[in-house]
$ cat model.cif   # mmCIF, C-alpha atoms
data_target
#
loop_
_atom_site.label_atom_id
_atom_site.label_comp_id
_atom_site.auth_asym_id
_atom_site.auth_seq_id
_atom_site.Cartn_x
_atom_site.Cartn_y
_atom_site.Cartn_z
CA MET A 5 -8.45 -4.51 -1.57
CA ALA A 6 -5.79 -3.11 -3.84
CA LYS A 7 -3.45 -5.66 -5.32
CA MET A 8 -0.50 -6.22 -3.03
CA SER A 9 2.70 -8.19 -3.15
CA GLU A 10 3.94 -9.36 0.23
CA ILE A 11 7.57 -8.69 -0.66
CA PRO A 12 8.92 -6.71 -3.65
CA ALA A 13 10.10 -8.99 -6.45
CA ALA A 14 13.66 -7.61 -6.37
CA ILE A 15 14.11 -8.78 -2.77
CA LEU A 16 12.78 -12.27 -3.55
CA GLU A 17 15.12 -12.41 -6.54
CA PHE A 18 18.01 -11.43 -4.27
CA PHE A 19 17.28 -14.40 -1.98
CA ALA A 20 16.41 -16.83 -4.79
CA ASP A 21 19.67 -18.80 -4.86
CA GLU A 22 20.82 -21.24 -2.21
CA GLN A 23 23.78 -19.17 -1.12
CA GLY A 24 24.09 -17.64 2.31
CA LYS A 25 22.91 -14.02 2.34
CA THR A 26 22.84 -11.25 4.93
CA MET A 27 20.41 -8.36 5.06
CA GLU A 28 20.12 -5.40 7.39
CA VAL A 29 16.65 -3.98 8.02
CA LYS A 30 16.86 -0.44 9.41
CA GLY A 31 14.20 1.87 10.77
CA THR A 32 12.78 3.72 13.72
CA PRO A 33 10.53 1.94 16.25
CA GLY A 34 7.12 1.11 14.81
CA SER A 35 8.19 1.47 11.18
CA GLY A 36 7.42 -2.18 10.30
CA LYS A 37 10.87 -3.83 10.48
CA THR A 38 9.81 -6.90 12.44
CA ILE A 39 6.67 -7.58 10.39
CA PHE A 40 8.71 -7.17 7.20
CA ALA A 41 11.31 -9.70 8.36
CA LEU A 42 8.70 -12.23 9.47
CA THR A 43 6.72 -11.81 6.24
CA LEU A 44 9.94 -12.24 4.25
CA LEU A 45 10.61 -15.49 6.10
CA LYS A 46 7.16 -16.72 5.10
CA ALA A 47 7.67 -15.67 1.47
CA LEU A 48 11.04 -17.45 1.29
CA GLN A 49 9.38 -20.68 2.47
CA GLY A 50 12.42 -21.41 4.56
CA GLU A 51 12.85 -22.91 7.98
CA GLY A 52 13.10 -20.07 10.43
CA VAL A 53 14.76 -19.14 13.68
CA TYR A 54 13.62 -15.96 15.39
CA LEU A 55 15.90 -14.50 18.07
CA SER A 56 14.06 -11.81 19.96
CA THR A 57 15.50 -9.33 22.42
CA ARG A 58 12.46 -7.05 22.30
CA VAL A 59 9.31 -9.15 21.89
CA ASP A 60 8.37 -11.71 24.49
CA PRO A 61 8.07 -15.11 22.77
CA ASP A 62 4.55 -15.69 24.12
CA THR A 63 3.51 -12.32 22.72
CA LEU A 64 4.87 -13.13 19.26
CA TYR A 65 2.31 -15.85 18.61
CA ARG A 66 -0.49 -13.78 20.09
CA VAL A 67 0.23 -10.69 17.98
CA TYR A 68 1.16 -12.59 14.79
CA PRO A 69 -0.74 -15.90 14.94
CA TRP A 70 0.16 -16.72 11.33
CA ILE A 71 3.79 -17.07 12.44
CA LYS A 72 2.97 -20.46 13.97
CA GLU A 73 2.89 -21.88 10.45
CA VAL A 74 6.32 -20.45 9.70
CA ILE A 75 8.42 -20.82 12.86
CA SER A 76 8.11 -23.77 15.21
CA GLU A 77 8.03 -23.19 18.95
CA ASP A 78 11.49 -24.76 19.29
CA ASN A 79 12.91 -22.04 17.05
CA VAL A 80 11.45 -18.99 18.76
CA VAL A 81 14.37 -18.07 20.96
CA ASP A 82 14.22 -15.68 23.87
CA ALA A 83 17.44 -13.78 23.30
CA THR A 84 16.88 -11.45 26.24
CA GLN A 85 18.48 -13.92 28.68
CA SER A 86 15.32 -13.46 30.71
CA GLU A 87 14.51 -15.73 33.63
CA ARG A 88 10.81 -14.97 33.14
CA ALA A 89 9.85 -18.32 31.63
CA VAL A 90 11.64 -20.26 34.37
CA ALA A 91 10.41 -18.08 37.22
CA THR A 92 6.77 -18.03 36.21
CA GLY A 93 6.51 -21.49 34.72
CA ARG A 94 4.46 -20.02 31.86
CA GLY A 95 6.99 -20.38 29.10
CA ALA A 96 5.68 -22.05 25.96
CA PRO A 97 7.09 -25.55 25.37
CA GLY A 98 10.38 -25.52 23.51
CA ILE A 99 11.00 -21.78 23.87
CA LYS A 100 14.35 -21.56 25.60
CA PRO A 101 16.60 -18.64 26.40
CA LEU A 102 19.73 -18.11 24.33
CA ARG A 103 22.80 -17.61 26.51
CA TYR A 104 25.65 -15.37 25.49
CA THR A 105 29.21 -16.12 26.56
CA THR A 106 31.89 -15.75 23.93
CA VAL A 107 31.37 -15.05 20.26
CA PRO A 108 32.11 -18.66 19.21
CA GLU A 109 29.54 -19.92 21.73
CA PHE A 110 26.94 -17.50 20.40
CA LEU A 111 27.53 -18.61 16.81
CA LYS A 112 27.49 -22.23 17.91
CA ALA A 113 24.08 -21.74 19.51
CA VAL A 114 22.74 -20.37 16.22
CA TYR A 115 24.40 -23.13 14.20
CA ILE A 116 22.92 -25.89 16.35
CA ARG A 117 19.46 -24.67 15.44
CA THR A 118 20.16 -24.42 11.70
CA GLU A 119 22.60 -27.23 10.84
CA ASN A 120 19.86 -29.69 9.86
CA MET A 121 17.54 -27.17 8.22
CA ASN A 122 16.82 -26.79 4.53
CA ASN A 123 17.01 -23.15 3.51
CA PRO A 124 17.54 -21.77 7.03
CA VAL A 125 16.51 -18.17 7.72
CA VAL A 126 17.63 -16.49 10.96
CA ILE A 127 16.10 -13.22 12.17
CA ILE A 128 17.92 -11.34 14.93
CA ASP A 129 15.65 -8.74 16.53
CA SER A 130 17.39 -6.57 17.44
CA TRP A 131 21.05 -6.85 16.52
CA ASP A 132 21.99 -3.85 18.66
CA ALA A 133 20.85 -5.67 21.79
CA VAL A 134 22.56 -8.94 20.86
CA ALA A 135 25.85 -7.17 20.20
CA SER A 136 25.52 -5.43 23.55
CA TYR A 137 24.80 -8.67 25.41
CA THR A 138 27.91 -10.30 23.95
CA GLY A 139 29.98 -7.54 25.54
CA TYR A 140 31.33 -6.03 22.32
CA TYR A 141 30.81 -2.35 23.01
CA GLU A 142 33.85 -0.91 21.23
CA GLU A 143 33.34 -0.14 17.55
CA LYS A 144 36.39 -2.14 16.49
CA GLU A 145 35.37 -5.19 18.49
CA ARG A 146 31.79 -4.98 17.31
CA GLY A 147 33.07 -4.83 13.74
CA LYS A 148 34.89 -8.13 14.27
CA LEU A 149 31.72 -9.72 15.64
CA GLU A 150 29.69 -8.54 12.66
CA HIS A 151 32.34 -9.76 10.24
CA ASN A 152 32.34 -13.18 11.92
CA ILE A 153 28.59 -13.61 11.83
CA CYS A 154 28.34 -12.49 8.18
CA ASP A 155 31.07 -14.98 7.32
CA PHE A 156 29.18 -17.63 9.29
CA ALA A 157 26.03 -17.00 7.20
CA ARG A 158 27.91 -17.40 3.94
CA ARG A 159 29.75 -20.55 5.01
CA THR A 160 26.62 -22.26 6.34
CA LYS A 161 24.34 -21.04 3.50
CA THR A 162 22.12 -19.30 6.01
CA LYS A 163 19.94 -16.32 5.19
CA LEU A 164 20.53 -13.94 8.08
CA ILE A 165 18.44 -10.84 8.73
CA PHE A 166 19.66 -8.17 11.16
CA ILE A 167 17.00 -5.83 12.53
CA VAL A 168 18.48 -2.56 13.83
CA GLU A 169 16.96 0.53 15.43
CA TYR A 170 18.95 3.19 13.59
CA THR A 171 18.75 4.65 10.08
CA GLU A 172 22.16 6.29 9.70
CA GLN A 173 25.04 4.60 7.90
CA ARG A 174 27.26 2.31 9.98
CA PRO A 175 30.02 -0.26 9.27
CA LEU A 176 27.51 -3.15 9.13
CA ASP A 177 26.04 -1.60 5.97
CA TYR A 178 29.24 -2.44 4.10
CA LEU A 179 29.43 -6.02 5.37
CA VAL A 180 25.90 -7.20 4.62
CA ASP A 181 24.66 -8.10 1.16
CA GLY A 182 21.42 -6.14 1.38
CA VAL A 183 20.16 -3.02 3.17
CA ILE A 184 16.48 -2.14 3.57
CA ILE A 185 15.07 0.96 5.28
CA THR A 186 11.48 1.10 6.50
CA GLU A 187 9.88 4.37 7.47
CA ASN A 188 6.55 5.65 8.68
CA TYR A 189 5.82 9.34 8.40
CA THR A 190 2.97 11.79 8.01
CA TYR A 191 1.81 12.94 4.60
CA ASP A 192 -0.67 15.79 4.78
CA GLU A 193 -1.27 14.77 8.43
CA ARG A 194 -2.00 11.15 7.44
CA CYS A 195 -0.08 7.94 8.01
CA LEU A 196 2.12 6.74 5.18
CA ARG A 197 4.62 3.86 5.07
CA ARG A 198 7.47 3.48 2.63
CA MET A 199 10.37 1.09 2.12
CA TRP A 200 13.70 1.99 0.54
CA ILE A 201 15.88 -0.67 -1.05
CA GLN A 202 19.32 0.79 -0.48
CA LYS A 203 21.45 -2.21 -1.46
CA LEU A 204 20.99 -5.66 -3.00
CA ARG A 205 24.39 -7.03 -3.91
CA GLY A 206 24.32 -8.70 -7.32
CA CYS A 207 20.76 -7.63 -8.16
CA GLU A 208 19.49 -4.71 -10.19
CA ILE A 209 17.30 -2.33 -8.20
CA ARG A 210 14.72 -1.18 -10.74
CA SER A 211 12.54 0.60 -8.21
CA PRO A 212 14.21 1.80 -5.00
CA SER A 213 11.06 2.74 -3.06
CA TYR A 214 7.75 1.02 -2.32
CA LEU A 215 4.66 2.00 -0.43
CA PHE A 216 3.48 -0.67 1.99
CA THR A 217 0.83 -1.37 4.59
CA LEU A 218 0.75 -3.47 7.75
CA THR A 219 -2.93 -4.28 7.48
CA GLY A 220 -3.76 -7.53 9.26
CA GLY A 221 -0.34 -7.70 10.89
CA VAL A 222 1.32 -8.67 7.58
CA PHE A 223 3.73 -6.63 5.46
CA ASN A 224 2.34 -5.96 1.98
CA SER A 225 3.90 -3.69 -0.63
CA PHE A 226 2.22 -2.12 -3.64
CA PRO A 227 3.87 -2.86 -7.00
CA PHE A 228 4.05 -0.44 -9.90
CA GLU A 229 1.48 -1.15 -12.64
CA ASP A 230 0.99 0.22 -16.13
CA GLN A 231 -2.72 1.07 -16.11
CA LYS A 232 -2.98 1.71 -19.86
CA SER A 233 -1.36 -1.61 -20.76
CA LYS A 234 -3.71 -3.45 -18.43
CA LEU A 235 -6.76 -1.95 -20.12
CA GLU A 236 -5.41 -2.68 -23.58
CA GLY A 237 -4.58 -6.22 -22.49
CA ILE A 238 -8.22 -7.23 -21.95
CA GLU A 239 -8.82 -9.64 -24.83
CA LYS A 240 -12.54 -10.27 -24.32
CA PRO A 241 -14.18 -7.22 -22.74
CA ILE A 242 -17.25 -7.87 -20.60
CA VAL A 243 -19.98 -5.42 -19.68
CA PRO A 244 -20.19 -5.51 -15.87
CA ASP A 245 -23.40 -5.45 -13.88
CA PRO A 246 -23.81 -1.92 -12.53
CA ILE A 247 -23.36 -1.20 -8.82
CA THR A 248 -26.70 -0.11 -7.45
CA ASP A 249 -27.24 3.10 -5.51
CA PRO A 250 -26.00 2.81 -1.92
CA ARG A 251 -29.11 4.70 -0.73
CA ASN A 252 -31.93 6.88 -1.99
CA THR A 253 -30.74 10.05 -3.75
CA LYS A 254 -27.16 8.78 -3.77
CA SER A 255 -25.45 7.11 -6.72
CA SER A 256 -22.57 4.69 -6.55
CA THR A 257 -19.11 5.97 -7.36
CA GLY A 258 -18.64 2.81 -9.44
CA ILE A 259 -16.28 1.49 -6.75
CA LYS A 260 -17.83 -0.48 -3.90
CA HIS A 261 -15.14 0.34 -1.36
CA LEU A 262 -15.21 4.05 -2.20
CA ASP A 263 -18.98 3.94 -1.67
CA GLU A 264 -18.30 2.62 1.83
CA VAL A 265 -15.73 5.36 2.50
CA ILE A 266 -17.67 8.42 1.29
CA GLY A 267 -21.22 7.08 0.99
CA GLY A 268 -21.55 7.56 -2.77
CA TYR A 269 -22.24 10.70 -4.81
CA GLY A 270 -25.32 12.57 -3.65
CA TRP A 271 -27.87 13.79 -6.19
CA GLY A 272 -27.37 17.52 -6.46
CA SER A 273 -23.83 17.25 -5.04
CA LEU A 274 -20.59 18.85 -6.16
CA ASN A 275 -17.62 16.46 -5.91
CA VAL A 276 -14.13 17.90 -6.30
CA PHE A 277 -11.02 15.91 -7.14
CA GLU A 278 -7.71 17.69 -6.74
CA GLY A 279 -4.26 16.42 -7.64
CA ASP A 280 -2.64 14.10 -10.17
CA TYR A 281 -4.71 13.18 -13.21
CA LEU A 282 -3.89 9.49 -13.67
CA PRO A 283 -5.25 8.37 -10.26
CA TYR A 284 -8.29 10.54 -10.92
CA ALA A 285 -8.77 8.92 -14.34
CA MET A 286 -9.04 5.51 -12.66
CA LEU A 287 -11.92 6.81 -10.54
CA ALA A 288 -13.55 8.66 -13.45
CA ARG A 289 -13.58 5.54 -15.65
CA ALA A 290 -15.34 3.56 -12.93
CA ALA A 291 -17.93 6.32 -12.43
CA PHE A 292 -18.56 6.73 -16.17
CA ILE A 293 -19.05 3.00 -16.77
CA ASN A 294 -21.39 2.59 -13.82
CA THR A 295 -23.45 5.70 -14.59
CA LEU A 296 -24.05 4.62 -18.20
CA ASN A 297 -24.82 1.01 -17.31
CA LEU A 298 -27.49 2.32 -14.90
CA ASN A 299 -29.05 3.92 -18.01
CA ARG A 300 -28.30 7.45 -16.80
CA LYS A 301 -26.98 10.44 -18.73
CA LEU A 302 -23.30 11.40 -18.75
CA PHE A 303 -22.48 15.00 -19.67
CA ILE A 304 -18.77 15.63 -20.28
CA LEU A 305 -17.54 19.21 -20.65
CA SER A 306 -13.84 18.49 -20.16
CA ALA A 307 -11.92 17.98 -23.41
CA LYS A 308 -9.29 15.88 -21.63
CA GLN A 309 -11.85 13.61 -20.01
CA LYS A 310 -13.65 13.01 -23.29
CA GLU A 311 -10.62 10.92 -24.21
CA LEU A 312 -11.64 8.38 -21.55
CA LEU A 313 -14.71 7.44 -23.58
CA ASN A 314 -12.69 5.32 -25.99
CA GLU A 315 -11.31 3.36 -23.04
CA ILE A 316 -14.68 2.65 -21.43
CA HIS A 317 -16.66 2.01 -24.64
CA PRO A 318 -16.25 -1.83 -24.61
CA PHE A 319 -17.57 -2.04 -21.03
CA VAL A 320 -20.81 -0.12 -21.56
CA ASN A 321 -24.08 -1.77 -22.53
CA PRO A 322 -24.59 -0.99 -26.25
CA GLN A 323 -28.15 0.17 -25.50
CA TYR A 324 -26.83 2.94 -23.24
CA ARG A 325 -23.81 4.20 -25.16
CA ALA A 326 -25.90 6.99 -26.66
CA ASN A 327 -26.48 8.38 -23.16
CA VAL A 328 -23.24 10.39 -23.47
CA ASP A 329 -23.73 14.09 -24.21
CA LEU A 330 -20.66 16.02 -25.34
CA GLU A 331 -22.46 19.11 -26.60
CA ILE A 332 -22.81 21.31 -23.50
CA GLU A 333 -19.92 23.69 -22.91
CA GLU A 334 -20.85 25.42 -19.64
CA ILE A 335 -22.26 24.16 -16.35
CA THR A 336 -25.20 26.53 -16.55
CA GLU A 337 -26.52 24.57 -19.54
CA VAL A 338 -27.62 21.77 -17.21
CA GLU A 339 -30.68 23.96 -16.57
CA GLU A 340 -32.02 22.47 -19.78
CA MET A 341 -32.00 18.94 -18.38
CA GLY A 342 -35.34 17.14 -18.30
CA GLU A 343 -37.03 15.42 -15.37
CA ASN A 344 -35.77 12.02 -16.58
CA ASP A 345 -32.14 13.18 -16.28
CA ARG A 346 -32.06 13.04 -12.48
CA GLY A 347 -29.01 11.18 -11.22
CA ALA A 348 -27.12 12.18 -14.36
CA MET A 349 -23.39 12.89 -14.03
CA VAL A 350 -21.88 16.17 -15.19
CA VAL A 351 -18.09 16.15 -15.55
CA PHE A 352 -16.05 19.32 -15.95
CA ASP A 353 -12.80 21.16 -15.23
CA LEU A 354 -12.36 24.58 -13.67
CA ASP A 355 -12.03 26.27 -17.03
CA ASN A 356 -15.59 25.17 -17.90
CA ILE A 357 -17.00 27.42 -15.19
CA GLU A 358 -18.63 30.69 -16.16
CA GLY A 359 -20.64 32.67 -13.65
CA ASP A 360 -21.11 32.67 -9.90
CA ILE A 361 -20.16 29.42 -8.13
CA ASP A 362 -23.07 29.63 -5.68
CA ASP A 363 -25.54 30.03 -8.54
CA ILE A 364 -24.07 27.01 -10.30
CA ALA A 365 -24.30 24.94 -7.12
CA ALA A 366 -27.96 25.89 -6.77
CA ILE A 367 -28.64 24.75 -10.35
CA LEU A 368 -26.98 21.39 -9.69
CA ARG A 369 -29.05 20.87 -6.54
CA GLY A 370 -32.23 21.81 -8.33
CA LYS A 371 -31.64 19.38 -11.18
CA ARG A 372 -30.46 16.67 -8.73
CA CYS A 373 -27.53 15.74 -10.95
CA ILE A 374 -24.07 14.67 -9.83
CA ALA A 375 -21.29 17.13 -10.61
CA VAL A 376 -17.67 15.96 -10.72
CA CYS A 377 -14.94 18.60 -11.02
CA TYR A 378 -11.24 17.84 -11.55
CA MET A 379 -8.50 20.35 -10.80
CA PRO A 380 -4.70 19.99 -10.82
CA ALA A 381 -2.76 19.81 -7.58
CA GLU A 382 -2.84 23.01 -5.56
CA GLY A 383 -4.92 24.62 -8.27
CA GLU A 384 -4.48 28.38 -8.41
CA GLU A 385 -6.98 28.82 -11.21
CA ARG A 386 -9.88 31.18 -10.79
CA ASN A 387 -12.68 29.67 -8.68
CA ALA A 388 -10.43 26.96 -7.19
CA SER A 389 -10.82 27.98 -3.56
CA GLU A 390 -14.50 28.88 -3.96
CA ILE A 391 -15.46 25.56 -5.49
CA LYS A 392 -13.58 23.59 -2.84
CA SER A 393 -15.33 25.50 -0.09
CA ILE A 394 -18.82 24.42 -1.22
CA ALA A 395 -17.96 20.89 -2.36
CA SER A 396 -19.94 18.01 -0.88
CA THR A 397 -16.84 15.83 -1.21
CA HIS A 398 -13.25 16.94 -1.70
CA LEU A 399 -10.81 14.15 -2.54
CA LYS A 400 -7.11 14.36 -3.36
CA THR A 401 -5.45 12.09 -5.90
CA LYS A 402 -1.71 11.53 -5.75
CA HIS A 403 0.99 9.35 -7.26
CA ILE A 404 3.25 8.36 -4.35
CA SER A 405 6.32 6.23 -5.09
CA GLY A 406 4.67 5.26 -8.37
CA VAL A 407 1.44 4.11 -6.69
CA PRO A 408 -1.87 5.86 -7.44
CA CYS A 409 -3.46 6.97 -4.16
CA ILE A 410 -6.52 8.83 -2.92
CA TYR A 411 -7.51 10.42 0.37
CA GLY A 412 -10.39 12.54 1.54
CA VAL A 413 -10.26 16.13 2.74
CA SER A 414 -14.05 16.10 3.14
CA PRO A 415 -14.95 13.63 4.45
CA ARG A 416 -11.55 13.18 6.04
CA THR A 417 -10.01 9.77 5.39
CA GLY A 418 -6.68 8.02 5.52
CA ILE A 419 -4.62 7.34 2.40
CA TYR A 420 -5.77 4.51 0.13
CA ALA A 421 -3.69 2.82 -2.55
CA LEU A 422 -5.57 2.16 -5.81
CA HIS A 423 -5.30 -0.95 -7.96
CA LEU A 424 -6.85 -1.61 -11.35
CA ASP A 425 -8.08 -5.21 -11.56
CA THR A 426 -8.94 -6.48 -15.06
CA SER A 427 -9.04 -10.21 -14.26
CA ASP A 428 -12.83 -10.44 -14.80
CA GLY A 429 -12.72 -8.87 -18.26
CA TYR A 430 -13.57 -5.33 -17.18
CA PRO A 431 -11.81 -2.67 -15.10
CA THR A 432 -12.46 -2.75 -11.36
CA VAL A 433 -10.77 -0.33 -8.97
CA ASN A 434 -9.87 -1.65 -5.53
CA LEU A 435 -8.68 0.35 -2.52
CA THR A 436 -6.43 -0.57 0.40
CA MET A 437 -5.85 1.77 3.30
CA ILE A 438 -2.21 2.34 4.23
CA GLU A 439 -1.89 1.77 7.96
#
$ encode --input "model.cif" --output "structure tokens"
Amino acid sequence: MAKMSEIPAAILEFFADEQGKTMEVKGTPGSGKTIFALTLLKALQGEGVYLSTRVDPDTLYRVYPWIKEVISEDNVVDATQSERAVATGRGAPGIKPLRYTTVPEFLKAVYIRTENMNNPVVIIDSWDAVASYTGYYEEKERGKLEHNICDFARRTKTKLIFIVEYTEQRPLDYLVDGVIITENYTYDERCLRRMWIQKLRGCEIRSPSYLFTLTGGVFNSFPFEDQKSKLEGIEKPIVPDPITDPRNTKSSTGIKHLDEVIGGYGWGSLNVFEGDYLPYAMLARAAFINTLNLNRKLFILSAKQKELLNEIHPFVNPQYRANVDLEIEEITEVEEMGENDRGAMVVFDLDNIEGDIDDIAAILRGKRCIAVCYMPAEGEERNASEIKSIASTHLKTKHISGVPCIYGVSPRTGIYALHLDTSDGYPTVNLTMIE
């Protein structure tokens, strides 16, 4: 999986002191607000109280079983005023309804549950429903209620998280110390999730947006990483064992998870990458290293991609470093390959193509080599549409909110975040699907 951080560092820094803090988490239904708040509670290692007006308490533990380690049964409060637990007799032990009368009584009920806690964290899900149940419908009266509860959090050193169902600006935004917006939307007809840090009082917001995933029922964000610095930071480079072919006549992409997603690169195939170069370069490095360490030929026509050789040199078996051929200038020259060059990788850009695309594809199939073509986003160069139409695989590479990503046009896939792991002394690319 790609490297993930449960909660962005700026948010953890915001909550790091022992002072009472308030945060509003905004977003449309299904955008990840509840999972974010619960994951934040876990990350803060505080004692939690979860007031739910939307999720049945029994369901909470079933959907998010890891919450049992974070919030005790006594502190999962049914804030819907439901008689369900009493009527059915199925209520979990200690889960009791929270009654609303006057504002002081409501705050007292919260205080009773937090007064003896160390680092108390209270999640109200959703605040709109709680405010409605208290009978404060008028904007002015609701403003007083919100002012009182924010003041309560500061005085009692409680970390209070409001979950709301709207995204527009409202008076509560000015009262709370932090505002987070979660959103899920479609990107090229695929699911994408992003968080916006709109406000963190007293903290510098270095990066306002983060991609995240809800894989496994846990909120995980993807931090920005400097790929070049990570490669240069490897003090003792190690030559990795090559990844074997996933099947006959198919070579590994150099990335195990990508092999699972697309099945590897077929011998005689044309594989097109379209989009931003830096995410592509991560994939190209992995393919180059693995191809050479399998003792196969690597033909590079692209001047830009030749620059990657200096980066991969320390991770290639010295016996196989001479397997790189930089002399050919056109794809048609692969006709001169020998029988022992099967499974070789030929890397080029659109401007390396001379001649009919169909003829070139036939040559590649005949020689059973692996062709990898990179083109910029929405390439309008000559041959761009033709080469995409006959490609065995067509993958798009994008930088989204500073995170390198990849997704398949053919075969069609969801969006995966990429992470460069150098902890073992060599570069490994991991993928995590955003869902």
$ resolve_selection --input "model.cif" --expression "the PyMOL selection byres ((chain A and resi 236) around 12)" --output "JSON, numbers by chain"
{"A": [230, 231, 232, 233, 234, 235, 237, 238, 239, 240, 241, 314, 315, 316, 318, 426, 429, 430, 431]}
$ residues_around --input "model.cif" --residues "Asn387 of chain A" --least-positions-apart "6" --cutoff "12 Å" --atoms "only C-alpha atoms" --output "list of chain:residue names"
A:Asp353, A:Leu354, A:Asp355, A:Asn356, A:Ile357, A:Glu358, A:Gly359, A:Asp360, A:Ile361, A:Asp362, A:Ile364, A:Cys377, A:Met379, A:Ser393, A:Ile394
$ closest_residue --input "model.cif" --among "A:Thr401, A:Ser213, A:Ser35, A:Thr138" --to "Asn188 of chain A" --atoms "only C-alpha atoms"
A:Ser35
$ closest_atom_pairs --input "model.cif" --of "segment 204-273 of chain A" --to "segment 45-53 of chain A" --cutoff "12 Å" --atoms "only C-alpha atoms" --output "tab-separated table"
residue	atom	partner	partner_atom	distance
A:Val222	CA	A:Lys46	CA	10.2
A:Phe223	CA	A:Ala47	CA	10.6
A:Asn224	CA	A:Ala47	CA	11.1
$ resolve_selection --input "model.cif" --expression "the PyMOL selection byres ((chain A and resi 432) around 12)" --output "mmCIF file with C-alpha atoms, keeping the file's coordinate frame"
data_model
loop_
_atom_site.group_PDB
_atom_site.id
_atom_site.type_symbol
_atom_site.label_atom_id
_atom_site.label_comp_id
_atom_site.auth_asym_id
_atom_site.auth_seq_id
_atom_site.Cartn_x
_atom_site.Cartn_y
_atom_site.Cartn_z
ATOM 1 C CA MET A 5 -8.450 -4.510 -1.570
ATOM 2 C CA ALA A 6 -5.790 -3.110 -3.840
ATOM 3 C CA LYS A 7 -3.450 -5.660 -5.320
ATOM 4 C CA GLN A 231 -2.720 1.070 -16.110
ATOM 5 C CA LYS A 234 -3.710 -3.450 -18.430
ATOM 6 C CA LEU A 235 -6.760 -1.950 -20.120
ATOM 7 C CA ILE A 242 -17.250 -7.870 -20.600
ATOM 8 C CA VAL A 243 -19.980 -5.420 -19.680
ATOM 9 C CA PRO A 244 -20.190 -5.510 -15.870
ATOM 10 C CA ASP A 245 -23.400 -5.450 -13.880
ATOM 11 C CA PRO A 246 -23.810 -1.920 -12.530
ATOM 12 C CA ILE A 247 -23.360 -1.200 -8.820
ATOM 13 C CA THR A 257 -19.110 5.970 -7.360
ATOM 14 C CA GLY A 258 -18.640 2.810 -9.440
ATOM 15 C CA ILE A 259 -16.280 1.490 -6.750
ATOM 16 C CA LYS A 260 -17.830 -0.480 -3.900
ATOM 17 C CA HIS A 261 -15.140 0.340 -1.360
ATOM 18 C CA LEU A 262 -15.210 4.050 -2.200
ATOM 19 C CA MET A 286 -9.040 5.510 -12.660
ATOM 20 C CA LEU A 287 -11.920 6.810 -10.540
ATOM 21 C CA ALA A 288 -13.550 8.660 -13.450
ATOM 22 C CA ARG A 289 -13.580 5.540 -15.650
ATOM 23 C CA ALA A 290 -15.340 3.560 -12.930
ATOM 24 C CA ALA A 291 -17.930 6.320 -12.430
ATOM 25 C CA ILE A 293 -19.050 3.000 -16.770
ATOM 26 C CA ASN A 294 -21.390 2.590 -13.820
ATOM 27 C CA ILE A 316 -14.680 2.650 -21.430
ATOM 28 C CA PHE A 319 -17.570 -2.040 -21.030
ATOM 29 C CA LEU A 422 -5.570 2.160 -5.810
ATOM 30 C CA HIS A 423 -5.300 -0.950 -7.960
ATOM 31 C CA LEU A 424 -6.850 -1.610 -11.350
ATOM 32 C CA ASP A 425 -8.080 -5.210 -11.560
ATOM 33 C CA THR A 426 -8.940 -6.480 -15.060
ATOM 34 C CA SER A 427 -9.040 -10.210 -14.260
ATOM 35 C CA ASP A 428 -12.830 -10.440 -14.800
ATOM 36 C CA GLY A 429 -12.720 -8.870 -18.260
ATOM 37 C CA TYR A 430 -13.570 -5.330 -17.180
ATOM 38 C CA PRO A 431 -11.810 -2.670 -15.100
ATOM 39 C CA VAL A 433 -10.770 -0.330 -8.970
ATOM 40 C CA ASN A 434 -9.870 -1.650 -5.530
ATOM 41 C CA LEU A 435 -8.680 0.350 -2.520
#
$ closest_residue --input "model.cif" --among "A:Phe292, A:Cys195, A:Glu73, A:Gly268" --to "Asn252 of chain A" --atoms "only C-alpha atoms"
A:Gly268
$ closest_residue --input "model.cif" --among "A:Phe277, A:Trp271, A:Phe352, A:Tyr191" --to "Ile404 of chain A" --atoms "all atoms listed in the file"
A:Tyr191
$ atom_distance --input "model.cif" --atom1 "atom CA of Val80 of chain A" --atom2 "atom CA of Ser56 of chain A"
7.7 Å
$ closest_residue --input "model.cif" --among "A:Asn152, A:Ser211, A:Thr118, A:Thr417" --to "Ile15 of chain A" --atoms "all atoms listed in the file"
A:Ser211
$ decode --input "model.cif" --residues "segment 420-437 of chain A" --atoms "C-alpha atoms" --output "short mmCIF file (atom, residue, chain, number, x, y, z; two decimals), in the first residue's frame"
data_model
loop_
_atom_site.label_atom_id
_atom_site.label_comp_id
_atom_site.auth_asym_id
_atom_site.auth_seq_id
_atom_site.Cartn_x
_atom_site.Cartn_y
_atom_site.Cartn_z
CA TYR A 420 -4.37 4.73 -7.08
CA ALA A 421 -2.05 6.92 -5.03
CA LEU A 422 1.66 6.16 -5.49
CA HIS A 423 4.29 6.11 -2.76
CA LEU A 424 8.04 5.68 -3.11
CA ASP A 425 9.39 3.49 -0.30
CA THR A 426 13.17 3.51 0.15
CA SER A 427 13.30 1.93 3.62
CA ASP A 428 14.90 -1.30 2.34
CA GLY A 429 17.75 0.48 0.56
CA TYR A 430 16.18 0.52 -2.89
CA PRO A 431 13.14 2.23 -4.44
CA THR A 432 9.85 0.36 -4.21
CA VAL A 433 6.61 1.83 -5.53
CA ASN A 434 3.44 1.03 -3.60
CA LEU A 435 -0.15 1.70 -4.66
CA THR A 436 -3.29 2.39 -2.64
CA MET A 437 -6.69 2.69 -4.25
#
